[in-house]
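A quick write-up on the structure given underneath.
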Amino acid sequence: MEVLLYTILTLCVLGVLAAVILYFVAQKFKVVEDPRIDDVEKMLPGANCGGCGFAGCRGLSEALVKNDDISSLYCPVGGGETMKAVAAYLGKAAAEKEPQTATVRCGGSCEKRARTNKYDGAKSCAVAASLYVGETGCAFGCLGYGDCVAVCNFDAIQINPATGLPEVDADKCTACGACVKACPKLVIELRKKWPKNRAVYVSCVSKDKGAQVMKACKAGCIACGKCEKVCAFGAITVENNLAYIDPLKCKLCRKCVNECPTGAITLVGMEPLPKVAKAAPAAKKSEAAEAAPKQAEGRPTIALKETGNNPLVLVNKKKAVMESKAATSVAGAVVELKESGKNPLILVRGKKA
Amino acid sequence: MANKLIVSPSPHVQSTQSTSSIMRDVVIALLPALVVSVVVFGASVLFVTALSIAACVLFEYLIQKFVVKGGCTINNWSAVVTGLLLAFNLPASIPWWIVVIGAFVAIGVAKMTFGGLGKNPFNPALVGRVFLLIAYPVQMTSFPAVANDNLDALSGATPLAAVKFGASAGELPMTDLLLGNMPGSLGEVAAAALILGFIYLLWRKVITWHIPVTVLATMAVFAFVVALARGGDAALLWQFPLFHVLAGGAMLGAIFMATDYATSPMTTKGCVIFAVGIGLITMCIRLWGAYPEGMSFAILIMNAVVPLINKYIKPKRFGVK
Amino acid sequence: MKTFPIGGVHPQENKLSRAKAIEVLPLPEVVQIPLGQHIGAPATAIVAKGDKVLTGQKIAEATGFMSANIHSPISGTVQSVDMQLNGQGLRQMMITIKREGDEWVETIDRSTEIKRACELDSAAIIAAIKEAGIVGMGGATFPTQVKLSIPPGKKAECLIINGVECEPYLTSDHRTMLELGEEMLIGVEILMKAIGVEKAYVGIENNKPDAIAHLTKLAADFKGVEIVPLKVMYPQGGEKQLITAITGRQVPPPPALPIDVGAVVCNASTTYAVYRAVQKNMPLIERVVTITGKGLKEPKNLLTRMGTPISALIEAAGGLPEDAGKVINGGPMMGRAMINLDSPVTKGCSGITVMSGKDAERKEIGQCMKCAKCVTACPMGLEPYWLAKMAKKQNWEAMEEQMITSCIECGCCQSTCPAYLPLLDWVRLGKQTVMGLIRARMAAQAPKK
């Protein structure tokens, strides 16, 4: 009995002693922190993805609490609603931002873009990009080793084995921008997110000249400028041999999609425009074929796209003149039919036209 | 040319050694000791060894197939090495089910839970052995008498145990320690065979000399100092260190267990520190601890220190004084 | 026998063309001359399309301090100055010249007569080297005149000639030393005069006993020149390793340079080019290129004009074998794999190695078992396994702390890994990124001052 008593007593004394020590130590090392930081952190999604520019959600919370002007701070994962909630809690003005989604701007699938060599190094786009051009002839397009997939915290981007290209699941994508930073080829862009994940964008980032693009990839932008002309909203610009659709100006009218000769303009979540204009030339095909030998009225309009010793002349052939591989001479240059079909592309090579 | 050109960053030459070739070399290096063991203890050695290897390989296969789901790595021979080393740490008379339990602990607990080859912080075979030693102390320490039993006095007790409990190191014939003519775990008895394996591993460039030599040298020096302090006669000054280096698991541990890649430090300097630690702890346990043998505990304790060594002991950088 | 103290590996030497005398490759019909074939700023073209050029005529001028002149290797007409594909399939500015005969600039002495006496002073020698567009021909392509211009406050104590050629397969330096040894030693004398030192060492690995014997005999006639046989060990041809092997001094980590320990290192072929530039007024328009590989019918050492397509060399060696997998510009340890075989030979191209069959492919990647072979092999005393892991995790700060910038990308770690891990692929990426971060940091600090 005595033993038991002493045991209990000793334990009690020890416990009290430990508690007292703990209390004083805790007081001594107490870190005074704004309690709102904890609250704000709880309101944030807690993904710690770094999409806001801070190391994690805690960093953003601190900045949100400390800064008076929080308009430059934004959590892409939580989006507008989270920011509004946080701003309301803190009594500050929230940043307004359109929701965005990551967009892979390369259509060079295995089928469209032939592999010219075999890469055998570490499976990393960054490693391959610093070594050489890549497995295809295109120096700008997606390499397909999935650096973007590896950095995604939300499982929103996956390589499609059939195309060899990454695909973004817009429902899961939070536009944190990790993949944009990870891509050494700068293929991925954050673009405005439309309802139902609709999108129209140029699925190519090649700044090569048209002829070089065509040699490397069947789905590349050759900077023909058709889309720029047809766009009623001035959303499309062609610079450095590459068309770009400004996501903030684009109204998803889809006219450019049907114009694009290589199919580089990609349409997501919508049916293409009914091919009113296009159906006609298709119907006229036979007519055109007849007209071809005559070479009379059907002479195509020719636009000189590049000068130099190997000029590239694009012939916009609305009325379809040549059906076969017929070569003709236009302004002293040799005209050659490169692709037939409803939207044929004619290349004119030769001396300065 | 028909094929597409292959592109990769430099270098464009690769090692002639591979993980499996290294593991095979370790197995080959262990064979002489196995042969001696069969001669000393009889055919039961083969049964224990085969069972241990089979169990280790099977557990690794099953765990990879059903639990961790990853690439199958049993063809890299690492489970074979673990199985062989585990068997070497068991008495020849061990019941079969204890071997299987040991294999399970070695592979299932010590290796695969950490992610498999290269990620285990502790030597799997030793974890298996120490687990068995604590769980089944009787079976693990009843060693069969040697087959050509001419040392009646030592039957059933290892030389280390004999010394621990009274005998003088000088009384034991050193040639028996060298040739394995003594009771003990089945792989640790023949120092000469283990040294043969050591030379093979050095020749094949599987291990470097640093860890084994440092471990044994530390033990010898420590034993010498102790003998000196105890004021033994001149003969004991050389007999005592030599005995400790040759007896028990010292050779097996120093050559084959302490040098395990995953559980030893990455730098030469680190390896020396690690080896000195093993030598000291082994001798402390042998001389003043409850167990007659301390090698396996010493290695496991130092295994735990390895991450720390790797963090603080950096290789000699070029151009830095 | 001397060697460097830390790390190193000994890959199979495979010096297939060691006994093949230098042959002259027939002149190419068309050459492509990249404007950037040296470290530093690309040269500026001073010819335009349609211009007629003579062999040895300057066609591009050094842009600034760290750059090099470029001369026409053939006579003919400039076809274009534009972007062309290089060996890695990337576009690079190149001058394309179509050959018409082989008319040389008159001031160049093309005779093989050996001219020993050199009256020029240090500044004139360096000027002649700069004019000839000489760069390090061992592969680093560092402009030689920059190396020889000792920065104020530093003092050169010895000259080291790099005749190590530690890369497997390559033999171009070996053959140059053996066949043009006397000219090279005159080059050594000229370089000693240029940097004002009394002592020069020629480091040669022990796998070239004929070159060691030949040069030792010749060197008796050259005051202050010592031939140093070295133990065979890769990467002894690395500048820092060679300095340590010969002088015992270690160059501190970057940004320190060899001159900080009083050494100037120059490659053997470069030294021969220096002789030709100073004594014969010959610009750097040709070099010895080893074309080699186990599958090739005839591995060779070819005296090749710059700008010759690589495919021409391969043809001269009997064509690409059926099972050829990889064509490497350089040796197998540090060379770059090519995809465009029409790309030209450049100043830094010491060899073309063709890997066939299984040799060309990397083996299946295993799991790191912490064997520490990479740590033991690293000649810079780094921890490749750890750096590779950090590079994957993009932990650049930790890598910088652990001296990633010291990495010389020799490939010892990867070539010794029994799990065949792509260690250097990752380490190199980490090094490039960290160097970029350091440069950005310095750029950000500079304007503040």
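Identifiers in the structure tokens: chain A, B, ... in order shown; residue index from 1 per chain; ligand index from 1 in order shown.
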Sorted by chain and rising residue number, list the residues of chain B at most 7 Å from chain A (counting only C-alpha atoms), each with its closest atom pair and distance in Å to one decimal, as a tab-separated table.
```
residue	atom	partner	partner_atom	distance
B:Lys4	CA	A:Asn117	CA	4.8
B:Leu5	CA	A:Asn117	CA	5.0
B:Ile6	CA	A:Lys118	CA	4.6
B:Val7	CA	A:Tyr119	CA	4.8
B:Ser8	CA	A:Gly121	CA	4.4
B:Pro9	CA	A:Gly121	CA	6.0
```
Find the nearest atom pair between each residue of chain C and chain B for residues within 6 Å, count only C-alpha atoms, give distances in Å to one decimal, sort rows by chain and ascending number, and present the table as a Markdown table.
```
| residue | atom | partner | partner_atom | distance |
| --- | --- | --- | --- | --- |
| C:Gln250 | CA | B:Gly319 | CA | 4.7 |
| C:Val251 | CA | B:Gly319 | CA | 5.2 |
| C:Pro252 | CA | B:Gly319 | CA | 4.1 |
| C:Pro253 | CA | B:Gly319 | CA | 5.8 |
| C:Glu322 | CA | B:Met1 | CA | 5.8 |
| C:Gly325 | CA | B:Leu5 | CA | 5.2 |
| C:Lys326 | CA | B:Ile6 | CA | 5.1 |
| C:Pro332 | CA | B:His12 | CA | 4.9 |
| C:Met333 | CA | B:Pro11 | CA | 4.2 |
| C:Met334 | CA | B:Ser10 | CA | 5.3 |
| C:Ala337 | CA | B:Val7 | CA | 5.4 |
| C:Cys368 | CA | B:Gly118 | CA | 5.8 |
| C:Met369 | CA | B:Gly118 | CA | 3.6 |
| C:Lys370 | CA | B:Ala262 | CA | 5.0 |
| C:Cys371 | CA | B:Tyr261 | CA | 4.7 |
| C:Ala372 | CA | B:Met266 | CA | 5.0 |
| C:Met380 | CA | B:Phe318 | CA | 4.7 |
| C:Gly381 | CA | B:Arg317 | CA | 4.2 |
| C:Gly411 | CA | B:Pro11 | CA | 5.2 |
| C:Ser415 | CA | B:Gln14 | CA | 4.3 |
| C:Thr416 | CA | B:Ser15 | CA | 4.8 |
| C:Pro418 | CA | B:Ser18 | CA | 4.1 |
| C:Ala419 | CA | B:Thr19 | CA | 5.7 |
```
With a cut-off of 7 Å, could you pull out the residues of chain C touching chain A and give me the nearest pair of atoms for each, distance in Å to one decimal, using only C-alpha atoms, ordered by chain and ascending number, as a Markdown table?
```
| residue | atom | partner | partner_atom | distance |
| --- | --- | --- | --- | --- |
| C:Gln88 | CA | A:Tyr132 | CA | 4.8 |
| C:Gly89 | CA | A:Val133 | CA | 5.3 |
| C:Leu90 | CA | A:Val133 | CA | 5.5 |
| C:Ile339 | CA | A:Asn117 | CA | 6.9 |
| C:Arg362 | CA | A:Asp120 | CA | 6.7 |
| C:Pro422 | CA | A:Ala122 | CA | 5.8 |
| C:Asp425 | CA | A:Ala122 | CA | 6.2 |
| C:Leu429 | CA | A:Val127 | CA | 6.1 |
```
Mind dumping the selected residues with all heavy atoms as a PDB file, in the first residue's frame?
```pdb
ATOM      1  N   GLN C  88      22.696  18.698 -84.247  1.00  0.00           N
ATOM      2  CA  GLN C  88      21.609  18.365 -83.320  1.00  0.00           C
ATOM      3  C   GLN C  88      20.249  18.744 -83.886  1.00  0.00           C
ATOM      4  O   GLN C  88      19.255  18.743 -83.169  1.00  0.00           O
ATOM      5  CB  GLN C  88      21.830  19.062 -81.977  1.00  0.00           C
ATOM      6  CG  GLN C  88      22.793  18.343 -81.060  1.00  0.00           C
ATOM      7  CD  GLN C  88      24.208  18.366 -81.595  1.00  0.00           C
ATOM      8  OE1 GLN C  88      24.679  19.392 -82.069  1.00  0.00           O
ATOM      9  NE2 GLN C  88      24.884  17.245 -81.547  1.00  0.00           N
ATOM     10  N   GLY C  89      20.213  19.119 -85.173  1.00  0.00           N
ATOM     11  CA  GLY C  89      18.945  19.438 -85.814  1.00  0.00           C
ATOM     12  C   GLY C  89      18.438  20.832 -85.490  1.00  0.00           C
ATOM     13  O   GLY C  89      17.289  21.161 -85.789  1.00  0.00           O
ATOM     14  N   LEU C  90      19.281  21.645 -84.882  1.00  0.00           N
ATOM     15  CA  LEU C  90      18.861  23.009 -84.550  1.00  0.00           C
ATOM     16  C   LEU C  90      19.434  23.972 -85.579  1.00  0.00           C
ATOM     17  O   LEU C  90      20.488  23.716 -86.161  1.00  0.00           O
ATOM     18  CB  LEU C  90      19.367  23.385 -83.151  1.00  0.00           C
ATOM     19  CG  LEU C  90      18.791  22.523 -82.034  1.00  0.00           C
ATOM     20  CD1 LEU C  90      19.576  22.731 -80.751  1.00  0.00           C
ATOM     21  CD2 LEU C  90      17.321  22.840 -81.816  1.00  0.00           C
ATOM     22  N   ILE C 339      21.998  13.929 -85.211  1.00  0.00           N
ATOM     23  CA  ILE C 339      20.921  13.391 -86.035  1.00  0.00           C
ATOM     24  C   ILE C 339      21.077  13.850 -87.480  1.00  0.00           C
ATOM     25  O   ILE C 339      20.475  13.299 -88.381  1.00  0.00           O
ATOM     26  CB  ILE C 339      19.527  13.799 -85.510  1.00  0.00           C
ATOM     27  CG1 ILE C 339      19.403  15.315 -85.369  1.00  0.00           C
ATOM     28  CG2 ILE C 339      19.221  13.128 -84.212  1.00  0.00           C
ATOM     29  CD1 ILE C 339      17.977  15.762 -85.139  1.00  0.00           C
ATOM     30  N   ARG C 362      21.126   2.507 -74.711  1.00  0.00           N
ATOM     31  CA  ARG C 362      21.322   2.440 -73.268  1.00  0.00           C
ATOM     32  C   ARG C 362      20.614   1.214 -72.721  1.00  0.00           C
ATOM     33  O   ARG C 362      19.570   0.826 -73.231  1.00  0.00           O
ATOM     34  CB  ARG C 362      20.732   3.688 -72.611  1.00  0.00           C
ATOM     35  CG  ARG C 362      21.583   4.910 -72.842  1.00  0.00           C
ATOM     36  CD  ARG C 362      21.105   6.003 -71.943  1.00  0.00           C
ATOM     37  NE  ARG C 362      21.918   7.189 -72.097  1.00  0.00           N
ATOM     38  CZ  ARG C 362      21.661   8.322 -71.444  1.00  0.00           C
ATOM     39  NH1 ARG C 362      20.621   8.396 -70.637  1.00  0.00           N
ATOM     40  NH2 ARG C 362      22.436   9.355 -71.609  1.00  0.00           N
ATOM     41  N   PRO C 422      20.515   7.384 -65.531  1.00  0.00           N
ATOM     42  CA  PRO C 422      20.992   8.525 -66.327  1.00  0.00           C
ATOM     43  C   PRO C 422      21.445   9.669 -65.415  1.00  0.00           C
ATOM     44  O   PRO C 422      20.882  10.764 -65.433  1.00  0.00           O
ATOM     45  CB  PRO C 422      19.766   8.905 -67.163  1.00  0.00           C
ATOM     46  CG  PRO C 422      18.600   8.453 -66.370  1.00  0.00           C
ATOM     47  CD  PRO C 422      19.055   7.293 -65.523  1.00  0.00           C
ATOM     48  N   ASP C 425      22.629  12.998 -67.111  1.00  0.00           N
ATOM     49  CA  ASP C 425      21.531  13.710 -67.775  1.00  0.00           C
ATOM     50  C   ASP C 425      20.917  14.697 -66.797  1.00  0.00           C
ATOM     51  O   ASP C 425      20.668  15.864 -67.116  1.00  0.00           O
ATOM     52  CB  ASP C 425      20.431  12.732 -68.227  1.00  0.00           C
ATOM     53  CG  ASP C 425      20.926  11.772 -69.294  1.00  0.00           C
ATOM     54  OD1 ASP C 425      22.141  11.734 -69.524  1.00  0.00           O
ATOM     55  OD2 ASP C 425      20.091  11.067 -69.888  1.00  0.00           O
ATOM     56  N   LEU C 429      21.500  18.896 -66.316  1.00  0.00           N
ATOM     57  CA  LEU C 429      20.348  19.793 -66.289  1.00  0.00           C
ATOM     58  C   LEU C 429      20.407  20.693 -65.060  1.00  0.00           C
ATOM     59  O   LEU C 429      20.180  21.906 -65.137  1.00  0.00           O
ATOM     60  CB  LEU C 429      19.053  18.969 -66.276  1.00  0.00           C
ATOM     61  CG  LEU C 429      17.759  19.752 -66.189  1.00  0.00           C
ATOM     62  CD1 LEU C 429      17.507  20.495 -67.484  1.00  0.00           C
ATOM     63  CD2 LEU C 429      16.580  18.853 -65.869  1.00  0.00           C
TER      64      LEU C 429
END
```
Query raised in the report: Near Val213 in chain B, within 12 Å and counting only C-alpha atoms, which residues show up once chain neighbours fewer than 5 positions away are dropped, as a ChimeraX atom specification?
Result: /B:195,198-199,202,207-208,218-221,245,250-251,253-256,258-259,271-272,274-276,278-279
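Closest approach to Ala103 in chain B among B:Ala191, B:Leu133, B:Ile74, B:Leu58: B:Leu58, based on only C-alpha atoms.
Within the 7 Å cut-off around Thr174 in chain A, using only C-alpha atoms and omitting residues fewer than 2 positions from it on the same chain, the listed residues are Pro76, Val77, Thr101, Lys172 and Cys176 of chain A.
In this model, the gap between CA of Thr290 in chain C and CA of Met93 in chain C comes to 25.6 Å.
Across the model, the gap from CA of Met184 in chain C to CA of Tyr201 in chain C is 12.7 Å.
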Query - Expected answer as an MDAnalysis selection string: strand (DSSP E or B) residues in range 38-147 of chain C - result: chainID C and resid 44:45 52:53 55 58:61 70:71 76:85 91:99 104 135 143
Query raised in the report: Between A:Val31, A:Val187, A:Leu267, A:Met83, which has the minimum distance to Ala199 in chain A (counting only C-alpha atoms)?
Result: A:Leu267
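Distance check against Phe140 in chain A using only C-alpha atoms: of A:Arg36, A:Arg105, A:Lys66, A:Arg198, the minimum falls on A:Arg105.
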Query raised in the report: Among range 266-440 of chain C, which residues carry a DSSP assignment of helix (DSSP H, G or I), reported as a ChimeraX atom specification?
Result: /C:268-280,310-316,357-360,373-377,384-393,396-401,404-406,412-416,423-440
If you take only C-alpha atoms and a cut-off of 12 Å, which residues of range 20-59 of chain C touch range 276-282 of chain C, and what are their nearest atom pairs and distances in Å to one decimal, in chain and number order, as JSON lines?
```
{"residue": "C:Thr55", "atom": "CA", "partner": "C:Met282", "partner_atom": "CA", "distance": 10.2}
{"residue": "C:Gly56", "atom": "CA", "partner": "C:Met282", "partner_atom": "CA", "distance": 7.3}
{"residue": "C:Gln57", "atom": "CA", "partner": "C:Met282", "partner_atom": "CA", "distance": 10.1}
{"residue": "C:Lys58", "atom": "CA", "partner": "C:Met282", "partner_atom": "CA", "distance": 11.2}
```
